[in-house]
Structure formats: structure tokens, C-alpha cells
Amino acid sequence: MTDAQETAAETALRTTGGAPSDDDVPAAGLPIPLLEPREGIPPVVADEDALAGVIAAFAAGTGPVAVDAERASGYRYGQRAYLVQLRREGAGTALIDPVGCPDLSGLGDALADAEWILHAATQDLPCLREIGMVPSRLFDTELAGRLGGHPRVGLGAMVESVLGYALEKGHSAVDWSTRPLPEPWLRYAALDVELLVDLRDALEKDLDRQGKLEWAHQEFDAIAAAPPPPPRRDPWRRTSGMHKVRRRRQMAVVREMWTVRDRVAQRRDISPGKVLGDAAIIEAALALPANVHALTALPGFGQRMGRRQLEQWQAAVERAKALPDSELPQPGQPLNGPPPPRSWADKDPAAAARLSAARAAVSDLAEELNMPQENLITPDTVRRVCWEPPSEVTVGSVSDALTELAARPWQVELVAPLLARALSTGAA
């Protein structure tokens, strides 16, 4: 057994059917299917009166609160939450419909002093923030798994490897904007928070035994304190297949069609990919069709598309064709930081040597600590320090550079000496 599994075995974990059992310990290699929430599927909270009862119950609860959210990615525009699940000792499990209860700031305030347990917190925090739920403290079980050296860190894999239970994961990609939500989906949603507290406790003890618990707390604090990310610049450049588009006029077609698609998707509240696929946009950009007839012959613009839609897309192509050269997009994205590493050998051989030495040192330490390199220190941070190192390379100056780039204290302590040696070696 791993340390985390031993911890799980020490606690009274809950079993199938929702009935707690003090005697049941998962057998090694034989995960126990978790089929029902321990108190059954709670009713969906969809009005203010029911929400007030949940707020009172969770405010009176004790200990950390498990939190999860379901979105309708691939079905709806944006990343709003369509179901919020919570569980806390003394309060049980709650399923809240943010469509009926769009303002959950009162619940967020009631839980302000509690530690929130989320799995892959950065995925759910933006949609939770939109409805007024912002944690001041959190524990991210996925990130804890990464720091603890777990090879698979999805929730189902973690629950199985750490606690010995099998979660049913068949509804993760369904359309959560569906109303009413089917009972099997609600069961799945309730089970997603069923064992988060148990998982958190086991992982905390595991990290403590490895001497990594303080590192994890610094990471969690950084996530909780991070501001919302700024809007992405030129999001149309992320169209799948963009690497095929070489000419500026073709780039203008992608930009124009992407903008029209986004506007239509937002108005209809559906996923942009359901309006027009990325592949179709790229095909139109490469072909620069002369008219609707030529557009219809391209993949993605077949017989199922109505005349009005075809004219809409062809009009976007024509607008891009008519742009003066001065208004065409420039190739590539404006750089915010070092150039791509593949070009370093030509642009600055010394920087390329520094980066090679730094990467090797970080890789060796990450392997020794049994964690992914990107969690030890982000590749972007390493690139930035290697491209523009301090004028005088010392452990102190590298530490200052890492701190300025938002590395956490534990990362600075471990990585600064390595990078200082790598920068000196590369310079030599």
C-alpha cells in the first residue's frame, strides 16, 4: 500500500449503496464500485427558499467543504456552471441549479472561512466566481496528486488508487444545461463530491510524509489569490489547423469567419463548434472561394447548410478579401517573452546552451522528487530566466528573478541553486 492508501484504510470509508461501514476496507487491486450517495440523491435546489435552507445547513456544518461544478462545454456558449455540488460534514450533499439560483454569493459568504476542496480547481473557479462563489482557502486534490507523484490524477483514477473505490464517470461530457436533469446524471454529480473529503485527508497525510505539504499549501494559496485571467488576445489565432494558413489574406479570412461564428454562437447560446467547425474555417481560408457555389463545394459547407448561412460565410470571406494590406493581420502572435526555443541556437547560442543545461537540471530534480517538471517550475519561467539572466548570476539574483516571475518560495528554494549553476555552465 502507498502512504495514501494506508491513510484511507485507517479511516471509515463509505461503501456502495451509500451505507457507511466501519469494517469495510477496499481490497488491494479490487476497487469497490461506488453506486449511490450515502444519503441518496438530494433534491435539486432551484429556488431562493430552498437555497436559504442550504446556506443555513452548510454554515452550520463543520470542516472543509467539497465543491464541484458541471458545465456544458461543447454544447453551450461560454463556460458557465449549470450545476454546483457541495458536501460538508453535518450538512450532507447539496445539488444547486445556478439557472434557478444565479446568485450564490450568500452561500459563498457562508463558506468564506471554510477550506474548499476542489479537483482541478483552476477549471471550476472561473464559473464559480461568475455566480459569487470565491474561496479564500482551498485544497486541490488533482494538484496534490501531481505533487505527490501519482501517475494518473483524474478524479476517478485518484479515488481508485488512493481510496480503493470506483466512480462511475459516464456522464462527464453530457449537456448539463438539459432540464430537468436525468436522475443518473444527478447521481453521478452527487458522487463526484462524495469522497472528496476522504481523498483530501489521505493526500494531505501522504504529502506530509513526503515533506511536501508546505509546498502544496503554497500552491493552493497561489491559486486562491490569483486574479481572473485577462481576455485572450487574438483568440481567432487558436483555430485548430491554423498552422496551415501562411498568407496574411488567408489569416484575415480566418479572423473574419471566427468573429462571425463567435457572434452567432453567443446570440444562440451554443458552442461555436456547432455553428461552424474549425476545419471548415481553415478550408475556406485556404481556398478563398470566389462565390457561394465555390464555398458549397468545400468540406464543412455541404447540402445541410441553408442558403442564408452560406451567404453569411461567403460575405465574411469577401470582407477579408476587400481589406487593404495595412489592415491584414501579421503572421504569428506578438511575443510576450522569449522567442520559441527552436530558434535560440541561431538567435543566441549562449542562451540555447543555458536552456539546455537548465532543462537537464530541472528534469533530474523533478525525477528525484517524483513530480512533473512543470509543477516543480513552469517551463516558461525557465525560458525567461535563461533568455535574460541576471547581469550577475548568483543564487540570490536568480532567486529574485524567479520570485519576480511568480515562482512560489518552495520552488525558489529548490530551483534557484540549480538554475544558477546552469546559467554559469551555459555561459562558460
# chains A, B, ... in the order shown; residues from 1 in each chain; ligands from 1
$ closest_atom_pairs --of "segment 270-350 of chain A" --to "segment 64-85 of chain A" --cutoff "8 Å" --atoms "only C-alpha atoms" --output "tab-separated table"
residue	atom	partner	partner_atom	distance
A:Ile270	CA	A:Arg76	CA	3.9
A:Ser271	CA	A:Arg76	CA	4.6
A:Pro272	CA	A:Tyr77	CA	6.8
A:Gly273	CA	A:Gly74	CA	7.3
A:Lys274	CA	A:Tyr75	CA	7.6
$ write_last_selection --atoms "C-alpha atoms" --output "PDB file, in the first residue's frame"
ATOM      1  CA  ILE A 270     -24.492  27.270 -28.395  1.00  0.00           C
ATOM      2  CA  SER A 271     -20.929  26.063 -28.734  1.00  0.00           C
ATOM      3  CA  PRO A 272     -19.092  27.800 -31.610  1.00  0.00           C
ATOM      4  CA  GLY A 273     -18.140  24.404 -32.996  1.00  0.00           C
ATOM      5  CA  LYS A 274     -21.836  23.637 -33.517  1.00  0.00           C
TER       6      LYS A 274
END
$ select_by_dssp --residues "segment 66-195 of chain A" --states "strand (DSSP E)" --output "ChimeraX atom specification"
/A:66-71,81-89,92-96,115-118,137-140,165-167
$ closest_residue --among "A:Pro338, A:Pro324, A:Pro372, A:Pro390" --to "Leu143 of chain A" --atoms "only C-alpha atoms"
A:Pro372
$ select_by_dssp --residues "segment 100-266 of chain A" --states "alpha helix (DSSP H)" --output "PyMOL selection string"
chain A and resi 105-110+121-130+141-147+155-158+183-192+196-210+213-225+248-266
$ closest_residue --among "A:Trp313, A:Leu163, A:Pro126, A:Gly148" --to "Pro31 of chain A" --atoms "only C-alpha atoms"
A:Leu163
$ residues_around --residues "segment 170-172 of chain A" --least-positions-apart "4" --cutoff "12 Å" --atoms "only C-alpha atoms" --output "NGL selection string"
:A and (69-74 or 154-156 or 166 or 176 or 181-192)
$ residues_around --residues "Ala114 of chain A" --least-positions-apart "5" --cutoff "9 Å" --atoms "only C-alpha atoms" --output "ChimeraX atom specification"
/A:62-65,135-138
$ write_last_selection --atoms "N, CA and C atoms" --output "PDB file, in the first residue's frame"
ATOM      1  N   THR A  62     -19.437  21.528   9.650  1.00  0.00           N
ATOM      2  CA  THR A  62     -18.081  21.638  10.186  1.00  0.00           C
ATOM      3  C   THR A  62     -17.076  21.091   9.187  1.00  0.00           C
ATOM      4  N   GLY A  63     -15.848  21.555   9.327  1.00  0.00           N
ATOM      5  CA  GLY A  63     -14.765  21.048   8.498  1.00  0.00           C
ATOM      6  C   GLY A  63     -14.777  21.614   7.090  1.00  0.00           C
ATOM      7  N   PRO A  64     -13.934  21.066   6.225  1.00  0.00           N
ATOM      8  CA  PRO A  64     -13.849  21.564   4.849  1.00  0.00           C
ATOM      9  C   PRO A  64     -15.098  21.232   4.062  1.00  0.00           C
ATOM     10  N   VAL A  65     -15.282  21.923   2.939  1.00  0.00           N
ATOM     11  CA  VAL A  65     -16.443  21.693   2.089  1.00  0.00           C
ATOM     12  C   VAL A  65     -15.968  21.243   0.718  1.00  0.00           C
ATOM     13  N   PRO A 135     -13.445  31.087  -3.052  1.00  0.00           N
ATOM     14  CA  PRO A 135     -12.848  30.589  -1.808  1.00  0.00           C
ATOM     15  C   PRO A 135     -11.695  31.469  -1.347  1.00  0.00           C
ATOM     16  N   SER A 136     -11.496  31.514  -0.037  1.00  0.00           N
ATOM     17  CA  SER A 136     -10.305  32.178   0.496  1.00  0.00           C
ATOM     18  C   SER A 136      -9.210  31.153   0.779  1.00  0.00           C
ATOM     19  N   ARG A 137      -9.609  29.883   0.995  1.00  0.00           N
ATOM     20  CA  ARG A 137      -8.651  28.784   1.186  1.00  0.00           C
ATOM     21  C   ARG A 137      -9.142  27.583   0.397  1.00  0.00           C
ATOM     22  N   LEU A 138      -8.220  26.836  -0.180  1.00  0.00           N
ATOM     23  CA  LEU A 138      -8.654  25.662  -0.922  1.00  0.00           C
ATOM     24  C   LEU A 138      -7.619  24.544  -0.836  1.00  0.00           C
TER      25      LEU A 138
END
$ closest_residue --among "A:Gly100, A:Glu404, A:Asn336, A:Thr122" --to "Arg233 of chain A" --atoms "only C-alpha atoms"
A:Asn336
$ closest_residue --among "A:Met242, A:Leu423, A:Val162, A:Ile282" --to "Ala202 of chain A" --atoms "only C-alpha atoms"
A:Val162
$ residues_around --residues "Glu327 of chain A" --least-positions-apart "5" --cutoff "12 Å" --atoms "only C-alpha atoms" --output "ChimeraX atom specification"
/A:248-249,251-252,255,319-322
$ write_last_selection --atoms "all heavy atoms" --output "PDB file, in the first residue's frame"
ATOM      1  N   ARG A 248      -1.239  36.294 -45.308  1.00  0.00           N
ATOM      2  CA  ARG A 248      -1.965  37.240 -44.458  1.00  0.00           C
ATOM      3  C   ARG A 248      -3.429  37.374 -44.884  1.00  0.00           C
ATOM      4  O   ARG A 248      -4.319  37.533 -44.039  1.00  0.00           O
ATOM      5  CB  ARG A 248      -1.277  38.601 -44.488  1.00  0.00           C
ATOM      6  CG  ARG A 248       0.112  38.601 -43.859  1.00  0.00           C
ATOM      7  CD  ARG A 248       0.805  39.932 -44.070  1.00  0.00           C
ATOM      8  NE  ARG A 248       0.088  41.014 -43.394  1.00  0.00           N
ATOM      9  CZ  ARG A 248       0.233  42.311 -43.707  1.00  0.00           C
ATOM     10  NH1 ARG A 248       1.039  42.656 -44.707  1.00  0.00           N
ATOM     11  NH2 ARG A 248      -0.436  43.224 -43.055  1.00  0.00           N
ATOM     12  N   ARG A 249      -3.707  37.309 -46.188  1.00  0.00           N
ATOM     13  CA  ARG A 249      -5.094  37.403 -46.647  1.00  0.00           C
ATOM     14  C   ARG A 249      -5.903  36.202 -46.138  1.00  0.00           C
ATOM     15  O   ARG A 249      -7.063  36.341 -45.735  1.00  0.00           O
ATOM     16  CB  ARG A 249      -5.115  37.450 -48.176  1.00  0.00           C
ATOM     17  CG  ARG A 249      -6.483  37.681 -48.788  1.00  0.00           C
ATOM     18  CD  ARG A 249      -6.974  39.100 -48.608  1.00  0.00           C
ATOM     19  NE  ARG A 249      -6.043  40.084 -49.155  1.00  0.00           N
ATOM     20  CZ  ARG A 249      -6.187  41.401 -49.028  1.00  0.00           C
ATOM     21  NH1 ARG A 249      -7.213  41.887 -48.342  1.00  0.00           N
ATOM     22  NH2 ARG A 249      -5.307  42.232 -49.539  1.00  0.00           N
ATOM     23  N   MET A 251      -5.218  34.583 -43.395  1.00  0.00           N
ATOM     24  CA  MET A 251      -5.405  34.830 -41.962  1.00  0.00           C
ATOM     25  C   MET A 251      -6.583  35.760 -41.719  1.00  0.00           C
ATOM     26  O   MET A 251      -7.347  35.588 -40.761  1.00  0.00           O
ATOM     27  CB  MET A 251      -4.145  35.439 -41.366  1.00  0.00           C
ATOM     28  CG  MET A 251      -2.956  34.511 -41.337  1.00  0.00           C
ATOM     29  SD  MET A 251      -1.510  35.351 -40.629  1.00  0.00           S
ATOM     30  CE  MET A 251      -0.264  34.090 -40.862  1.00  0.00           C
ATOM     31  N   ALA A 252      -6.760  36.736 -42.600  1.00  0.00           N
ATOM     32  CA  ALA A 252      -7.881  37.665 -42.463  1.00  0.00           C
ATOM     33  C   ALA A 252      -9.211  36.942 -42.611  1.00  0.00           C
ATOM     34  O   ALA A 252     -10.200  37.275 -41.941  1.00  0.00           O
ATOM     35  CB  ALA A 252      -7.761  38.784 -43.494  1.00  0.00           C
ATOM     36  N   ARG A 255      -9.854  35.177 -39.344  1.00  0.00           N
ATOM     37  CA  ARG A 255     -10.271  36.161 -38.334  1.00  0.00           C
ATOM     38  C   ARG A 255     -11.720  36.589 -38.542  1.00  0.00           C
ATOM     39  O   ARG A 255     -12.518  36.646 -37.588  1.00  0.00           O
ATOM     40  CB  ARG A 255      -9.353  37.377 -38.387  1.00  0.00           C
ATOM     41  CG  ARG A 255      -9.691  38.457 -37.369  1.00  0.00           C
ATOM     42  CD  ARG A 255      -8.689  39.602 -37.429  1.00  0.00           C
ATOM     43  NE  ARG A 255      -8.727  40.291 -38.713  1.00  0.00           N
ATOM     44  CZ  ARG A 255      -7.886  41.285 -39.050  1.00  0.00           C
ATOM     45  NH1 ARG A 255      -6.937  41.659 -38.217  1.00  0.00           N
ATOM     46  NH2 ARG A 255      -7.991  41.871 -40.229  1.00  0.00           N
ATOM     47  N   ARG A 319     -15.380  40.152 -47.207  1.00  0.00           N
ATOM     48  CA  ARG A 319     -14.871  41.280 -46.397  1.00  0.00           C
ATOM     49  C   ARG A 319     -13.372  41.148 -46.190  1.00  0.00           C
ATOM     50  O   ARG A 319     -12.633  42.134 -46.237  1.00  0.00           O
ATOM     51  CB  ARG A 319     -15.596  41.330 -45.054  1.00  0.00           C
ATOM     52  CG  ARG A 319     -17.007  41.866 -45.126  1.00  0.00           C
ATOM     53  CD  ARG A 319     -17.556  42.207 -43.743  1.00  0.00           C
ATOM     54  NE  ARG A 319     -17.666  41.044 -42.881  1.00  0.00           N
ATOM     55  CZ  ARG A 319     -18.729  40.235 -42.843  1.00  0.00           C
ATOM     56  NH1 ARG A 319     -19.765  40.456 -43.631  1.00  0.00           N
ATOM     57  NH2 ARG A 319     -18.771  39.210 -42.004  1.00  0.00           N
ATOM     58  N   ALA A 320     -12.928  39.928 -45.924  1.00  0.00           N
ATOM     59  CA  ALA A 320     -11.487  39.718 -45.740  1.00  0.00           C
ATOM     60  C   ALA A 320     -10.725  39.985 -47.035  1.00  0.00           C
ATOM     61  O   ALA A 320      -9.627  40.558 -47.024  1.00  0.00           O
ATOM     62  CB  ALA A 320     -11.233  38.290 -45.259  1.00  0.00           C
ATOM     63  N   LYS A 321     -11.288  39.593 -48.163  1.00  0.00           N
ATOM     64  CA  LYS A 321     -10.634  39.840 -49.455  1.00  0.00           C
ATOM     65  C   LYS A 321     -10.495  41.328 -49.746  1.00  0.00           C
ATOM     66  O   LYS A 321      -9.546  41.764 -50.397  1.00  0.00           O
ATOM     67  CB  LYS A 321     -11.442  39.189 -50.581  1.00  0.00           C
ATOM     68  CG  LYS A 321     -11.355  37.686 -50.679  1.00  0.00           C
ATOM     69  CD  LYS A 321     -12.165  37.245 -51.885  1.00  0.00           C
ATOM     70  CE  LYS A 321     -12.106  35.751 -52.110  1.00  0.00           C
ATOM     71  NZ  LYS A 321     -12.902  35.355 -53.297  1.00  0.00           N
ATOM     72  N   ALA A 322     -11.476  42.114 -49.274  1.00  0.00           N
ATOM     73  CA  ALA A 322     -11.507  43.542 -49.600  1.00  0.00           C
ATOM     74  C   ALA A 322     -10.629  44.400 -48.697  1.00  0.00           C
ATOM     75  O   ALA A 322     -10.464  45.594 -48.954  1.00  0.00           O
ATOM     76  CB  ALA A 322     -12.956  44.035 -49.538  1.00  0.00           C
TER      77      ALA A 322
END
$ residues_around --residues "segment 296-302 of chain A" --least-positions-apart "5" --cutoff "8 Å" --atoms "only C-alpha atoms" --output "ChimeraX atom specification"
/A:276-277,279-280,283-284,310
$ residues_around --residues "Thr141 of chain A" --least-positions-apart "5" --cutoff "9 Å" --atoms "only C-alpha atoms" --output "PDB file with N, CA and C atoms, in the first residue's frame"
ATOM      1  N   ILE A 117     -12.552  22.143  -1.000  1.00  0.00           N
ATOM      2  CA  ILE A 117     -11.840  21.057  -1.679  1.00  0.00           C
ATOM      3  C   ILE A 117     -12.375  20.967  -3.105  1.00  0.00           C
ATOM      4  N   LEU A 118     -11.496  21.152  -4.085  1.00  0.00           N
ATOM      5  CA  LEU A 118     -11.864  21.029  -5.480  1.00  0.00           C
ATOM      6  C   LEU A 118     -10.871  20.115  -6.167  1.00  0.00           C
ATOM      7  N   HIS A 119     -11.295  19.486  -7.237  1.00  0.00           N
ATOM      8  CA  HIS A 119     -10.398  18.685  -8.058  1.00  0.00           C
ATOM      9  C   HIS A 119     -10.158  19.446  -9.349  1.00  0.00           C
ATOM     10  N   ALA A 120      -8.894  19.792  -9.615  1.00  0.00           N
ATOM     11  CA  ALA A 120      -8.541  20.661 -10.759  1.00  0.00           C
ATOM     12  C   ALA A 120      -9.238  22.008 -10.586  1.00  0.00           C
ATOM     13  N   ALA A 121      -8.862  22.704  -9.531  1.00  0.00           N
ATOM     14  CA  ALA A 121      -9.568  23.922  -9.114  1.00  0.00           C
ATOM     15  C   ALA A 121      -9.607  24.984 -10.199  1.00  0.00           C
ATOM     16  N   ARG A 146      -0.460  15.436  -8.206  1.00  0.00           N
ATOM     17  CA  ARG A 146       0.731  15.708  -9.013  1.00  0.00           C
ATOM     18  C   ARG A 146       1.964  15.870  -8.125  1.00  0.00           C
ATOM     19  N   VAL A 153      -4.036  11.444 -12.422  1.00  0.00           N
ATOM     20  CA  VAL A 153      -4.593  12.379 -11.449  1.00  0.00           C
ATOM     21  C   VAL A 153      -6.027  12.809 -11.757  1.00  0.00           C
ATOM     22  N   LEU A 155     -10.049  12.496 -11.327  1.00  0.00           N
ATOM     23  CA  LEU A 155     -10.745  12.211 -10.073  1.00  0.00           C
ATOM     24  C   LEU A 155     -11.020  10.722  -9.915  1.00  0.00           C
ATOM     25  N   MET A 158      -7.818   8.875  -9.133  1.00  0.00           N
ATOM     26  CA  MET A 158      -7.317   9.174  -7.792  1.00  0.00           C
ATOM     27  C   MET A 158      -8.146   8.459  -6.724  1.00  0.00           C
ATOM     28  N   LEU A 196     -14.582  13.391  -1.722  1.00  0.00           N
ATOM     29  CA  LEU A 196     -13.531  14.401  -1.838  1.00  0.00           C
ATOM     30  C   LEU A 196     -12.867  14.699  -0.497  1.00  0.00           C
ATOM     31  N   LEU A 199     -10.573  11.836   0.234  1.00  0.00           N
ATOM     32  CA  LEU A 199      -9.414  11.914  -0.651  1.00  0.00           C
ATOM     33  C   LEU A 199      -8.463  13.009  -0.184  1.00  0.00           C
ATOM     34  N   ARG A 200      -9.021  14.137   0.190  1.00  0.00           N
ATOM     35  CA  ARG A 200      -8.188  15.234   0.697  1.00  0.00           C
ATOM     36  C   ARG A 200      -7.386  14.809   1.925  1.00  0.00           C
ATOM     37  N   LEU A 203      -4.561  12.394   0.969  1.00  0.00           N
ATOM     38  CA  LEU A 203      -3.487  13.067   0.234  1.00  0.00           C
ATOM     39  C   LEU A 203      -2.695  14.002   1.138  1.00  0.00           C
TER      40      LEU A 203
END
$ closest_residue --among "A:Val362, A:Val275, A:Cys101, A:Leu167" --to "Leu34 of chain A" --atoms "only C-alpha atoms"
A:Leu167
$ atom_distance --atom1 "atom CA of Leu414 of chain A" --atom2 "atom CA of Gln123 of chain A"
27.6 Å
